[in-house]
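Student: My file is upload-v1.cif. It has mmCIF, C-alpha atoms and all ligand atoms:
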data_structure
loop_
_atom_site.label_atom_id
_atom_site.label_comp_id
_atom_site.auth_asym_id
_atom_site.auth_seq_id
_atom_site.Cartn_x
_atom_site.Cartn_y
_atom_site.Cartn_z
CA MET Q 1 31.87 125.07 -26.35
CA ARG Q 2 28.63 125.05 -24.42
CA ILE Q 3 27.83 128.64 -23.53
CA GLY Q 4 25.05 130.17 -21.41
CA ILE Q 5 24.10 133.78 -22.22
CA VAL Q 6 22.13 136.00 -19.86
CA CYS Q 7 20.83 139.37 -21.09
CA TYR Q 8 17.84 141.68 -21.22
CA PRO Q 9 15.67 140.30 -24.03
CA THR Q 10 14.51 143.76 -25.11
CA PHE Q 11 15.28 146.23 -27.92
CA GLY Q 12 18.07 147.83 -25.86
CA GLY Q 13 21.60 147.68 -27.27
CA SER Q 14 22.90 145.25 -24.66
CA GLY Q 15 20.18 142.72 -25.50
CA VAL Q 16 20.73 143.17 -29.22
CA VAL Q 17 24.50 142.67 -28.92
CA ALA Q 18 24.10 139.63 -26.64
CA THR Q 19 21.56 138.01 -28.97
CA GLU Q 20 23.54 138.69 -32.14
CA LEU Q 21 26.63 137.29 -30.40
CA GLY Q 22 24.75 134.13 -29.39
CA LYS Q 23 23.43 133.63 -32.92
CA GLU Q 24 26.89 134.01 -34.44
CA LEU Q 25 28.44 131.64 -31.90
CA ALA Q 26 25.75 129.08 -32.70
CA LEU Q 27 26.48 129.44 -36.42
CA GLU Q 28 30.18 128.86 -35.60
CA GLY Q 29 29.12 125.51 -34.09
CA HIS Q 30 28.97 126.35 -30.38
CA ASP Q 31 26.00 125.19 -28.34
CA VAL Q 32 24.39 128.40 -27.07
CA HIS Q 33 21.78 128.63 -24.31
CA PHE Q 34 19.93 131.89 -23.62
CA ILE Q 35 18.66 132.22 -20.05
CA THR Q 36 16.25 135.18 -20.04
CA TYR Q 37 12.75 136.14 -18.92
CA ASP Q 38 11.46 136.45 -22.47
CA LEU Q 39 12.47 135.44 -25.97
CA PRO Q 40 15.09 138.02 -27.06
CA VAL Q 41 13.73 140.32 -29.80
CA ARG Q 42 16.59 139.50 -32.16
CA PHE Q 43 16.04 135.74 -31.63
CA ASP Q 44 14.38 135.78 -35.00
CA HIS Q 45 15.33 132.63 -36.83
CA PHE Q 46 15.82 129.00 -36.08
CA ILE Q 47 19.33 127.67 -35.52
CA SER Q 48 19.43 124.09 -34.26
CA ASN Q 49 22.11 124.64 -31.59
CA LEU Q 50 20.57 127.84 -30.20
CA HIS Q 51 18.39 127.25 -27.15
CA TYR Q 52 16.12 129.33 -24.93
CA HIS Q 53 15.46 128.74 -21.24
CA GLU Q 54 12.83 131.03 -19.76
CA VAL Q 55 13.21 132.51 -16.30
CA VAL Q 56 9.73 132.42 -14.81
CA VAL Q 57 9.10 134.51 -11.72
CA ASN Q 58 5.91 133.46 -9.96
CA ASP Q 59 3.98 136.13 -8.09
CA TYR Q 60 3.86 135.56 -4.35
CA PRO Q 61 1.57 137.96 -2.49
CA LEU Q 62 3.95 138.32 0.47
CA PHE Q 63 6.48 140.13 -1.74
CA ASP Q 64 6.02 143.71 -2.84
CA TYR Q 65 9.04 143.06 -5.09
CA GLN Q 66 9.51 139.64 -6.65
CA PRO Q 67 13.11 138.42 -6.15
CA TYR Q 68 14.04 138.07 -9.85
CA GLU Q 69 17.75 137.79 -9.19
CA LEU Q 70 17.29 134.67 -7.06
CA VAL Q 71 15.05 133.01 -9.62
CA LEU Q 72 17.61 133.83 -12.33
CA ALA Q 73 20.47 132.37 -10.24
CA SER Q 74 18.46 129.19 -9.63
CA ARG Q 75 17.68 128.90 -13.34
CA MET Q 76 21.35 129.34 -14.19
CA VAL Q 77 22.25 126.54 -11.75
CA ASP Q 78 19.65 124.30 -13.36
CA VAL Q 79 20.69 125.01 -16.98
CA VAL Q 80 24.44 124.73 -16.25
CA LYS Q 81 23.91 121.33 -14.63
CA HIS Q 82 21.47 119.83 -17.09
CA GLU Q 83 22.97 121.24 -20.28
CA GLN Q 84 26.52 120.76 -19.00
CA LEU Q 85 27.58 124.28 -19.87
CA ASP Q 86 31.25 125.26 -19.94
CA LEU Q 87 30.80 128.93 -19.15
CA LEU Q 88 28.29 131.71 -18.55
CA HIS Q 89 28.46 135.08 -20.31
CA VAL Q 90 26.28 137.74 -18.69
CA HIS Q 91 25.48 141.06 -20.37
CA TYR Q 92 24.71 144.13 -18.22
CA ALA Q 93 25.98 143.96 -14.66
CA ILE Q 94 22.65 144.56 -12.90
CA PRO Q 95 21.54 142.05 -11.69
CA HIS Q 96 23.13 139.53 -14.02
CA ALA Q 97 26.68 139.59 -12.67
CA SER Q 98 25.65 139.13 -9.04
CA ALA Q 99 23.17 136.39 -10.01
CA ALA Q 100 25.97 134.64 -11.95
CA TYR Q 101 28.26 134.92 -8.92
CA MET Q 102 25.58 133.26 -6.78
CA ALA Q 103 25.05 130.50 -9.36
CA ARG Q 104 28.78 129.87 -9.67
CA GLU Q 105 29.19 129.53 -5.90
CA ILE Q 106 26.17 127.24 -5.54
CA LEU Q 107 27.57 125.03 -8.28
CA ARG Q 108 31.04 125.10 -6.71
CA SER Q 109 29.49 123.74 -3.48
CA GLN Q 110 28.21 120.84 -5.59
CA GLY Q 111 31.60 120.16 -7.17
CA ILE Q 112 30.83 121.88 -10.51
CA ASN Q 113 33.24 124.49 -11.85
CA ILE Q 114 31.68 127.17 -14.09
CA PRO Q 115 33.37 130.49 -14.83
CA PHE Q 116 31.34 133.58 -15.71
CA ILE Q 117 32.23 136.54 -17.91
CA THR Q 118 30.58 139.92 -17.35
CA THR Q 119 30.16 142.39 -20.22
CA LEU Q 120 29.50 145.94 -19.08
CA HIS Q 121 27.29 147.88 -21.48
CA GLY Q 122 26.86 151.41 -20.18
CA THR Q 123 24.03 152.50 -17.96
CA ASP Q 124 24.84 149.58 -15.62
CA ILE Q 125 27.98 151.63 -14.84
CA THR Q 126 27.42 155.26 -15.80
CA LEU Q 127 23.86 155.79 -14.56
CA VAL Q 128 22.31 153.06 -12.48
CA GLY Q 129 25.22 151.00 -11.18
CA LYS Q 130 27.13 153.79 -9.50
CA ASP Q 131 24.08 154.73 -7.42
CA ALA Q 132 24.70 153.88 -3.75
CA SER Q 133 21.77 151.46 -3.82
CA PHE Q 134 23.70 149.17 -6.21
CA GLU Q 135 27.38 150.14 -5.98
CA PRO Q 136 28.71 147.64 -3.37
CA VAL Q 137 27.06 144.70 -5.12
CA ILE Q 138 28.24 145.79 -8.58
CA THR Q 139 31.81 146.36 -7.40
CA PHE Q 140 31.86 142.94 -5.78
CA ALA Q 141 30.32 141.15 -8.77
CA ILE Q 142 32.75 142.80 -11.22
CA ASN Q 143 35.74 141.86 -9.07
CA GLN Q 144 34.47 138.31 -8.69
CA SER Q 145 33.82 137.71 -12.40
CA ASN Q 146 36.27 135.34 -14.08
CA ALA Q 147 36.66 137.92 -16.87
CA VAL Q 148 35.19 141.36 -17.52
CA THR Q 149 34.72 143.19 -20.80
CA ALA Q 150 33.53 146.72 -21.60
CA VAL Q 151 32.17 147.84 -24.97
CA SER Q 152 34.48 150.90 -25.24
CA GLU Q 153 37.62 152.43 -23.77
CA SER Q 154 35.43 155.18 -22.36
CA LEU Q 155 33.26 152.69 -20.45
CA LYS Q 156 36.37 150.92 -19.16
CA GLU Q 157 37.68 154.25 -17.80
CA ASP Q 158 34.28 155.10 -16.29
CA THR Q 159 34.24 151.75 -14.52
CA TYR Q 160 37.66 152.31 -12.96
CA GLN Q 161 36.61 155.82 -11.99
CA HIS Q 162 33.30 154.97 -10.33
CA PHE Q 163 34.02 151.57 -8.79
CA ASN Q 164 36.83 150.15 -6.73
CA VAL Q 165 37.71 147.59 -9.37
CA ASN Q 166 41.02 145.81 -8.91
CA ARG Q 167 41.12 143.65 -11.98
CA GLU Q 168 41.68 143.85 -15.72
CA ILE Q 169 38.84 144.93 -17.99
CA GLU Q 170 39.20 143.99 -21.64
CA VAL Q 171 37.63 146.25 -24.26
CA ILE Q 172 35.68 144.31 -26.88
CA PRO Q 173 33.73 146.82 -28.96
CA ASN Q 174 30.22 146.17 -30.17
CA PHE Q 175 29.92 144.69 -33.64
CA ILE Q 176 27.58 144.71 -36.58
CA ASP Q 177 26.33 142.22 -39.13
CA LEU Q 178 26.71 144.39 -42.24
CA SER Q 179 24.57 142.10 -44.37
CA ARG Q 180 21.51 143.05 -42.31
CA TYR Q 181 21.85 146.67 -43.49
CA GLU Q 182 22.59 145.99 -47.15
CA GLY Q 183 20.13 145.94 -50.01
CA CYS Q 184 17.08 147.14 -48.08
CA SER Q 185 14.37 148.36 -50.39
CA THR Q 186 13.94 152.10 -49.79
CA GLU Q 187 11.04 152.87 -52.12
CA GLY Q 188 8.13 152.12 -49.74
CA VAL Q 189 9.45 154.08 -46.78
CA THR Q 190 10.56 157.04 -48.90
CA LYS Q 191 7.21 157.19 -50.66
CA ALA Q 192 5.35 157.07 -47.36
CA PHE Q 193 7.34 159.71 -45.52
CA ALA Q 194 9.20 161.88 -48.02
CA PRO Q 195 7.15 161.70 -51.23
CA ASN Q 196 8.54 164.98 -52.59
CA GLY Q 197 12.21 164.21 -52.13
CA GLU Q 198 12.46 165.82 -48.69
CA ARG Q 199 15.60 165.05 -46.67
CA ILE Q 200 15.11 162.54 -43.85
CA LEU Q 201 16.56 162.90 -40.35
CA PHE Q 202 16.36 159.83 -38.13
CA HIS Q 203 16.69 159.08 -34.43
CA ALA Q 204 16.24 155.72 -32.70
CA SER Q 205 16.37 155.14 -28.96
CA ASN Q 206 14.48 154.13 -25.84
CA PHE Q 207 13.36 157.76 -25.30
CA ARG Q 208 14.97 158.00 -21.88
CA PRO Q 209 16.20 161.39 -20.58
CA VAL Q 210 19.82 160.30 -21.20
CA LYS Q 211 19.10 160.30 -24.98
CA ARG Q 212 18.08 164.01 -25.04
CA VAL Q 213 15.49 163.33 -27.75
CA GLU Q 214 14.27 166.87 -27.26
CA ASP Q 215 17.54 168.10 -28.80
CA ALA Q 216 16.87 165.98 -31.89
CA ILE Q 217 13.49 167.68 -32.37
CA ARG Q 218 14.96 171.14 -31.85
CA VAL Q 219 17.71 170.46 -34.41
CA PHE Q 220 15.12 169.15 -36.85
CA SER Q 221 12.90 172.16 -36.33
CA LYS Q 222 15.77 174.57 -37.10
CA VAL Q 223 16.95 172.58 -40.14
CA ARG Q 224 13.37 172.49 -41.44
CA GLU Q 225 13.33 176.29 -41.50
CA GLU Q 226 15.92 176.12 -44.30
CA ILE Q 227 15.46 172.76 -46.05
CA PRO Q 228 12.32 170.68 -46.66
CA CYS Q 229 12.80 167.66 -44.44
CA LYS Q 230 11.11 165.03 -42.34
CA MET Q 231 11.99 163.54 -38.96
CA LEU Q 232 11.51 159.84 -38.27
CA PHE Q 233 11.71 158.33 -34.81
CA ALA Q 234 12.03 154.64 -33.98
CA GLY Q 235 11.71 153.22 -30.48
CA ASP Q 236 9.61 154.34 -27.58
CA GLY Q 237 9.92 155.24 -23.93
CA PRO Q 238 9.12 157.64 -21.11
CA ASP Q 239 10.02 160.91 -22.89
CA ARG Q 240 7.74 160.26 -25.88
CA PRO Q 241 4.79 162.38 -24.57
CA LYS Q 242 7.19 165.26 -23.88
CA ILE Q 243 8.57 165.03 -27.42
CA GLU Q 244 5.08 164.94 -28.94
CA ALA Q 245 4.15 168.03 -26.91
CA LEU Q 246 7.28 169.80 -28.15
CA CYS Q 247 6.42 168.99 -31.78
CA ARG Q 248 3.00 170.57 -31.24
CA GLN Q 249 4.58 173.63 -29.62
CA LEU Q 250 7.07 174.00 -32.50
CA GLY Q 251 4.41 173.30 -35.13
CA THR Q 252 6.39 170.47 -36.71
CA CYS Q 253 3.93 167.59 -36.11
CA LYS Q 254 2.99 166.98 -39.75
CA ASP Q 255 6.64 166.39 -40.63
CA VAL Q 256 7.46 164.14 -37.67
CA HIS Q 257 6.63 160.42 -37.58
CA PHE Q 258 6.89 158.09 -34.60
CA LEU Q 259 7.34 154.55 -35.91
CA GLY Q 260 7.53 152.72 -32.56
CA LYS Q 261 9.60 149.67 -31.64
CA LEU Q 262 10.48 148.42 -35.10
CA LYS Q 263 11.82 144.90 -35.46
CA HIS Q 264 13.36 145.66 -38.84
CA ILE Q 265 14.76 149.08 -38.16
CA GLU Q 266 17.31 148.69 -40.98
CA GLU Q 267 14.55 149.55 -43.47
CA VAL Q 268 14.36 153.05 -41.98
CA TYR Q 269 18.09 153.56 -41.58
CA SER Q 270 18.45 152.91 -45.29
CA VAL Q 271 16.32 155.95 -46.25
CA ALA Q 272 17.88 158.41 -43.80
CA ASP Q 273 20.19 161.28 -44.78
CA ALA Q 274 21.46 161.85 -41.24
CA PHE Q 275 21.19 160.04 -37.92
CA ILE Q 276 20.83 162.33 -34.90
CA LEU Q 277 22.29 161.09 -31.59
CA PRO Q 278 22.44 163.98 -29.08
CA SER Q 279 22.88 161.76 -25.95
CA GLU Q 280 23.97 163.08 -22.58
CA THR Q 281 26.13 159.99 -22.22
CA GLU Q 282 26.61 156.92 -24.42
CA SER Q 283 29.07 154.14 -23.68
CA PHE Q 284 29.22 153.11 -27.34
CA GLY Q 285 26.19 154.13 -29.39
CA LEU Q 286 25.20 150.98 -31.24
CA ALA Q 287 22.49 152.95 -33.05
CA ALA Q 288 25.19 155.19 -34.57
CA LEU Q 289 27.03 152.11 -35.81
CA GLU Q 290 23.81 150.76 -37.34
CA ALA Q 291 23.33 154.08 -39.14
CA MET Q 292 26.88 154.00 -40.45
CA ALA Q 293 26.45 150.42 -41.66
CA SER Q 294 23.51 151.81 -43.67
CA HIS Q 295 25.74 154.54 -45.23
CA VAL Q 296 24.16 157.22 -43.03
CA PRO Q 297 26.37 160.00 -41.53
CA VAL Q 298 25.95 160.63 -37.81
CA ILE Q 299 25.29 164.00 -36.16
CA SER Q 300 26.06 163.32 -32.51
CA SER Q 301 27.25 164.65 -29.22
CA ASN Q 302 30.89 164.00 -28.37
CA THR Q 303 30.29 162.17 -25.12
CA GLY Q 304 31.45 158.79 -23.71
CA GLY Q 305 32.34 156.21 -26.34
CA ILE Q 306 30.80 158.04 -29.33
CA PRO Q 307 34.16 159.52 -30.47
CA GLU Q 308 35.49 155.95 -30.66
CA ILE Q 309 33.00 155.33 -33.50
CA ASN Q 310 31.98 158.60 -35.13
CA ILE Q 311 34.93 160.49 -36.62
CA HIS Q 312 34.31 164.23 -36.67
CA GLY Q 313 34.37 165.62 -40.21
CA GLU Q 314 34.71 162.13 -41.70
CA THR Q 315 31.79 159.88 -40.81
CA GLY Q 316 29.61 162.69 -39.46
CA PHE Q 317 29.98 165.54 -36.99
CA MET Q 318 30.17 165.83 -33.23
CA SER Q 319 29.17 168.72 -30.94
CA ASN Q 320 29.18 169.35 -27.22
CA VAL Q 321 26.19 167.90 -25.38
CA GLY Q 322 23.24 170.29 -25.70
CA ASP Q 323 24.82 172.48 -28.39
CA ILE Q 324 21.76 172.51 -30.64
CA ASP Q 325 23.06 175.38 -32.79
CA ASP Q 326 26.26 173.52 -33.65
CA MET Q 327 24.35 170.31 -34.40
CA THR Q 328 21.99 172.29 -36.62
CA ALA Q 329 24.87 173.98 -38.46
CA ASN Q 330 26.54 170.58 -39.02
CA THR Q 331 23.32 169.01 -40.28
CA LEU Q 332 22.74 171.88 -42.71
CA LYS Q 333 26.34 171.69 -43.93
CA LEU Q 334 25.82 168.01 -44.69
CA LEU Q 335 22.37 168.29 -46.27
CA LYS Q 336 23.29 171.24 -48.48
CA ASP Q 337 26.42 169.70 -49.98
CA ASP Q 338 25.83 166.63 -52.16
CA GLU Q 339 29.54 165.97 -52.59
CA LEU Q 340 30.15 166.04 -48.82
CA MET Q 341 27.10 163.85 -48.29
CA ALA Q 342 28.38 161.22 -50.74
CA LYS Q 343 31.85 161.27 -49.17
CA MET Q 344 30.51 160.98 -45.62
CA ARG Q 345 28.11 158.21 -46.55
CA GLN Q 346 31.00 156.17 -47.94
CA ARG Q 347 33.33 156.90 -45.00
CA ALA Q 348 30.60 156.06 -42.50
CA TYR Q 349 30.15 152.69 -44.18
CA LEU Q 350 33.89 151.98 -44.27
CA ARG Q 351 34.15 152.89 -40.58
CA ALA Q 352 31.27 150.53 -39.74
CA LYS Q 353 33.14 147.76 -41.55
CA GLU Q 354 35.89 148.02 -38.94
CA PHE Q 355 33.31 146.80 -36.40
CA SER Q 356 32.05 143.92 -38.52
CA LYS Q 357 31.11 140.74 -36.69
CA ASP Q 358 33.93 138.85 -38.39
CA SER Q 359 36.56 140.95 -36.62
CA ILE Q 360 34.89 141.12 -33.20
CA ILE Q 361 33.34 137.67 -32.58
CA PRO Q 362 36.77 135.93 -32.55
CA MET Q 363 37.80 138.29 -29.72
CA TYR Q 364 35.01 136.81 -27.59
CA GLU Q 365 35.93 133.26 -28.60
CA ARG Q 366 39.56 133.82 -27.62
CA LEU Q 367 38.43 135.30 -24.30
CA TYR Q 368 36.22 132.26 -23.66
CA GLU Q 369 39.14 129.91 -24.32
CA ARG Q 370 41.48 131.86 -22.03
CA THR Q 371 38.86 132.08 -19.28
CA LEU Q 372 38.18 128.35 -19.44
CA ALA Q 373 41.88 127.52 -19.31
CA ASP Q 374 42.45 129.91 -16.36
CA SER Q 375 39.53 128.60 -14.36
CA LYS Q 376 40.30 124.87 -14.66
CA PRO Q 377 40.82 123.53 -11.11
CA ASN Q 378 44.51 122.96 -10.46
CA GLN Q 379 45.01 119.19 -10.87
CA ASN Q 380 48.01 119.20 -8.54
CA ALA Q 381 46.37 121.17 -5.78
O1 LIG R 401 21.09 153.09 -24.40
C1 LIG R 401 20.41 152.55 -23.56
O2 LIG R 401 19.81 153.17 -22.69
C2 LIG R 401 20.29 151.04 -23.57
C3 LIG R 401 21.56 150.40 -23.13
C4 LIG R 401 21.40 148.92 -23.01
O3 LIG R 401 21.90 148.37 -22.06
O4 LIG R 401 20.81 148.26 -23.85
O5 LIG R 401 22.56 150.73 -24.09
C5 LIG R 401 23.90 150.66 -23.65
O6 LIG R 401 24.50 149.52 -24.24
C6 LIG R 401 24.60 149.56 -25.67
C7 LIG R 401 25.20 148.25 -26.16
O7 LIG R 401 26.48 148.04 -25.65
C8 LIG R 401 25.45 150.78 -26.08
O8 LIG R 401 25.54 150.83 -27.49
C9 LIG R 401 24.79 152.06 -25.55
O9 LIG R 401 25.64 153.14 -25.85
C10 LIG R 401 24.61 151.97 -24.05
N1 LIG R 401 23.82 153.11 -23.60
C11 LIG R 401 24.33 154.09 -22.84
O10 LIG R 401 25.49 154.11 -22.47
C12 LIG R 401 23.40 155.20 -22.50
#
Would you mind giving the structure from this file in structure tokens?
Tutor:
Amino acid sequence: MRIGIVCYPTFGGSGVVATELGKELALEGHDVHFITYDLPVRFDHFISNLHYHEVVVNDYPLFDYQPYELVLASRMVDVVKHEQLDLLHVHYAIPHASAAYMAREILRSQGINIPFITTLHGTDITLVGKDASFEPVITFAINQSNAVTAVSESLKEDTYQHFNVNREIEVIPNFIDLSRYEGCSTEGVTKAFAPNGERILFHASNFRPVKRVEDAIRVFSKVREEIPCKMLFAGDGPDRPKIEALCRQLGTCKDVHFLGKLKHIEEVYSVADAFILPSETESFGLAALEAMASHVPVISSNTGGIPEINIHGETGFMSNVGDIDDMTANTLKLLKDDELMAKMRQRAYLRAKEFSKDSIIPMYERLYERTLADSKPNQNA
């Protein structure tokens, strides 16, 4: 198949999932074309049938806001025509689904039939998309997609709840390439951050308010009162200054390290004793799955799609959003009990295996085949 993939090329989960999917499809022999404004961060090795088409938005002084969506739609039209694509798969509804709709209709007017599949990832529905400034366009683009997927049952339900969607949404959970998280050397990172055998708590995110990073620091600070430990953060974003200020206020700075937007985050997961994910809402929680693939138990909130991954008392613990005391108690229970830690590490890994790429990628391939068959113009019409 000749597949076009549109996504955000950044560190965010939707971009990571889209890029890993494209790479796997290329390795399966499909011809995969990324149409994005920058090289996706996980586009990290050469595969001959994996291609990149940049979307270049030129500045025009008349516009206060450059019309990215139109440029993207035009680029999709161009790539579909010249690379003879069979289908488009867009990740994150805003603005990719509506741009794909526009591209499909332009191509239809030229006698070219191209279906598009929309994968909903989370904030495109739960935070941004349902805002009145986007809602009518998102509802329309979802209903007009040739197929729609959501990354969890929870996100599927949220979509039906917030939008007037009159069509089927298939749940295809996010997946993980387990080999990426196996056999990482831990010595360097441990030596650098926990030279005296301190326990390591870890959090990775885009530091947006929805992640409640402040809760992670507060949990760490309380755990640190009882057990020598360190807190590592990966990622970056708007709440970082607030978190740094809180560390200073709590006097924990010397035990907290901000590692920034790491390309090889698996090296840090592999040294962690617990992954802290206190999010306000989380459609799936890819970071939790990455932790589990690294044998790291997850201390999380119980919101959105997290309970579909993290099993309370088995692969980690869950608490109500904002319940710092409960998260602290759970972390201490885990860190103080070596037997429990070993059991949870193993169960976390086994749970992650259920989301391995080998079980999930074929679900997308089957969806592509069905969508292509359903969208073939009726020969007898
Ligand atoms: O978490 C974010 O803010 C980034 C966002 C994205 O689009 O990259 O993540 C969303 O999609 C991920 C991949 O499907 C999910 O694992 C995250 O749970 C989801 N984030 C939220 O729902 C807040």
Student: Pick the closest to Glu83 (chain Q) from Q:Asp323, Q:Asp131, Q:Asp255, Q:Asp31: which is it, counting only C-alpha atoms?
Tutor: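 Nearest to Glu83 (chain Q): Q:Asp31.
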Student: How many Å separate CA of Gly316 (chain Q) from CA of Thr331 (chain Q)?
Tutor: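 Result for CA of Gly316 (chain Q) versus CA of Thr331 (chain Q): 9.0 Å, one decimal.
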Student: How would you write, as a PyMOL selection string, the set of residues no farther than 7 Å from ligand LIG 401 (chain R) when counting all atoms listed in the file?
Tutor: chain Q and resi 12-15+17+92+121-123+151+174+205-206+208+210+281-287
Student: Q:Asp124, Q:Val77, Q:Gly235, Q:Val223: which is nearest Arg108 (chain Q), counting only C-alpha atoms?
Tutor: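 The shortest atom-to-atom distance to Arg108 (chain Q) comes from Q:Val77.
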Student: Counting all atoms listed in the file, which residue out of Q:Leu372, Q:Ser221, Q:Gln66, Q:Glu20 sits closest to His45 (chain Q)?
Tutor: Q:Glu20
Student: With a distance cut-off of 10 Å and all atoms listed in the file, select the neighbouring residues of Val6 (chain Q), excluding the residue or stretch itself and same-chain residues fewer than 6 positions from it, and output the selection as a compact mmCIF listing (two decimals) with C-alpha atoms, in the frame of the given file.
Tutor:
# COMPACT_ATOMS: atom_id res chain seq x y z
CA GLY Q 15 20.18 142.72 -25.50
CA ALA Q 18 24.10 139.63 -26.64
CA THR Q 19 21.56 138.01 -28.97
CA HIS Q 33 21.78 128.63 -24.31
CA PHE Q 34 19.93 131.89 -23.62
CA ILE Q 35 18.66 132.22 -20.05
CA THR Q 36 16.25 135.18 -20.04
CA TYR Q 37 12.75 136.14 -18.92
CA HIS Q 53 15.46 128.74 -21.24
CA LEU Q 72 17.61 133.83 -12.33
CA MET Q 76 21.35 129.34 -14.19
CA LEU Q 88 28.29 131.71 -18.55
CA HIS Q 89 28.46 135.08 -20.31
CA VAL Q 90 26.28 137.74 -18.69
CA HIS Q 91 25.48 141.06 -20.37
CA TYR Q 92 24.71 144.13 -18.22
CA HIS Q 96 23.13 139.53 -14.02
CA ALA Q 97 26.68 139.59 -12.67
CA ALA Q 99 23.17 136.39 -10.01
CA ALA Q 100 25.97 134.64 -11.95
CA THR Q 118 30.58 139.92 -17.35
Student: Find the smallest box with edges along x, y and z containing every listed atom of region 277-290 of chain Q, then add 3 Å on each side and report centre and edge lengths in Å to one decimal, as AutoDock Vina command-line options.
Tutor:
--center_x 25.8 --center_y 157.4 --center_z -29.8 --size_x 12.9 --size_y 19.2 --size_z 21.1
Student: Pick from Q:Gly237, Q:Gly29, Q:Gly188, Q:Pro136: nearest to Pro209 (chain Q), with only C-alpha atoms counted?
Tutor: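 Closest to Pro209 (chain Q), using only C-alpha atoms: Q:Gly237.
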Student: Taking (24.0, 169.1, -32.7) in the file's own coordinates, collect the residues within 10 Å, counting only C-alpha atoms, and hand them back as a PyMOL selection string.
Tutor: chain Q and resi 215-216+218-220+276-278+299-302+317-331
Student: Nearest residue to Ile172 (chain Q) out of Q:Ala274, Q:Leu155, Q:Ile217, Q:Ala373, using only C-alpha atoms?
Tutor: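 Closest to Ile172 (chain Q) of all the choices is Q:Leu155.
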Student: With only C-alpha atoms as the basis for distance, which of Q:Ala342, Q:Leu335, Q:Thr190, Q:Val128 is at the shortest distance from Ile227 (chain Q)?
Tutor: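 The shortest atom-to-atom distance to Ile227 (chain Q) comes from Q:Leu335.
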Student: Quick one: distance from CA of Phe175 (chain Q) to CA of Glu290 (chain Q) in Å, one decimal?
Tutor: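 Separation between CA of Phe175 (chain Q) and CA of Glu290 (chain Q): 9.4 Å.
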Student: Counting all atoms listed in the file, which residues come within 7 Å of (21.4, 128.8, -26.8), with the point read in the file's coordinates, and could you list them as a compact mmCIF listing (two decimals) with C-alpha atoms, keeping the file's coordinate frame?
Tutor:
# COMPACT_ATOMS: atom_id res chain seq x y z
CA GLY Q 4 25.05 130.17 -21.41
CA GLY Q 22 24.75 134.13 -29.39
CA ASP Q 31 26.00 125.19 -28.34
CA VAL Q 32 24.39 128.40 -27.07
CA HIS Q 33 21.78 128.63 -24.31
CA PHE Q 34 19.93 131.89 -23.62
CA ASN Q 49 22.11 124.64 -31.59
CA LEU Q 50 20.57 127.84 -30.20
CA HIS Q 51 18.39 127.25 -27.15
CA TYR Q 52 16.12 129.33 -24.93
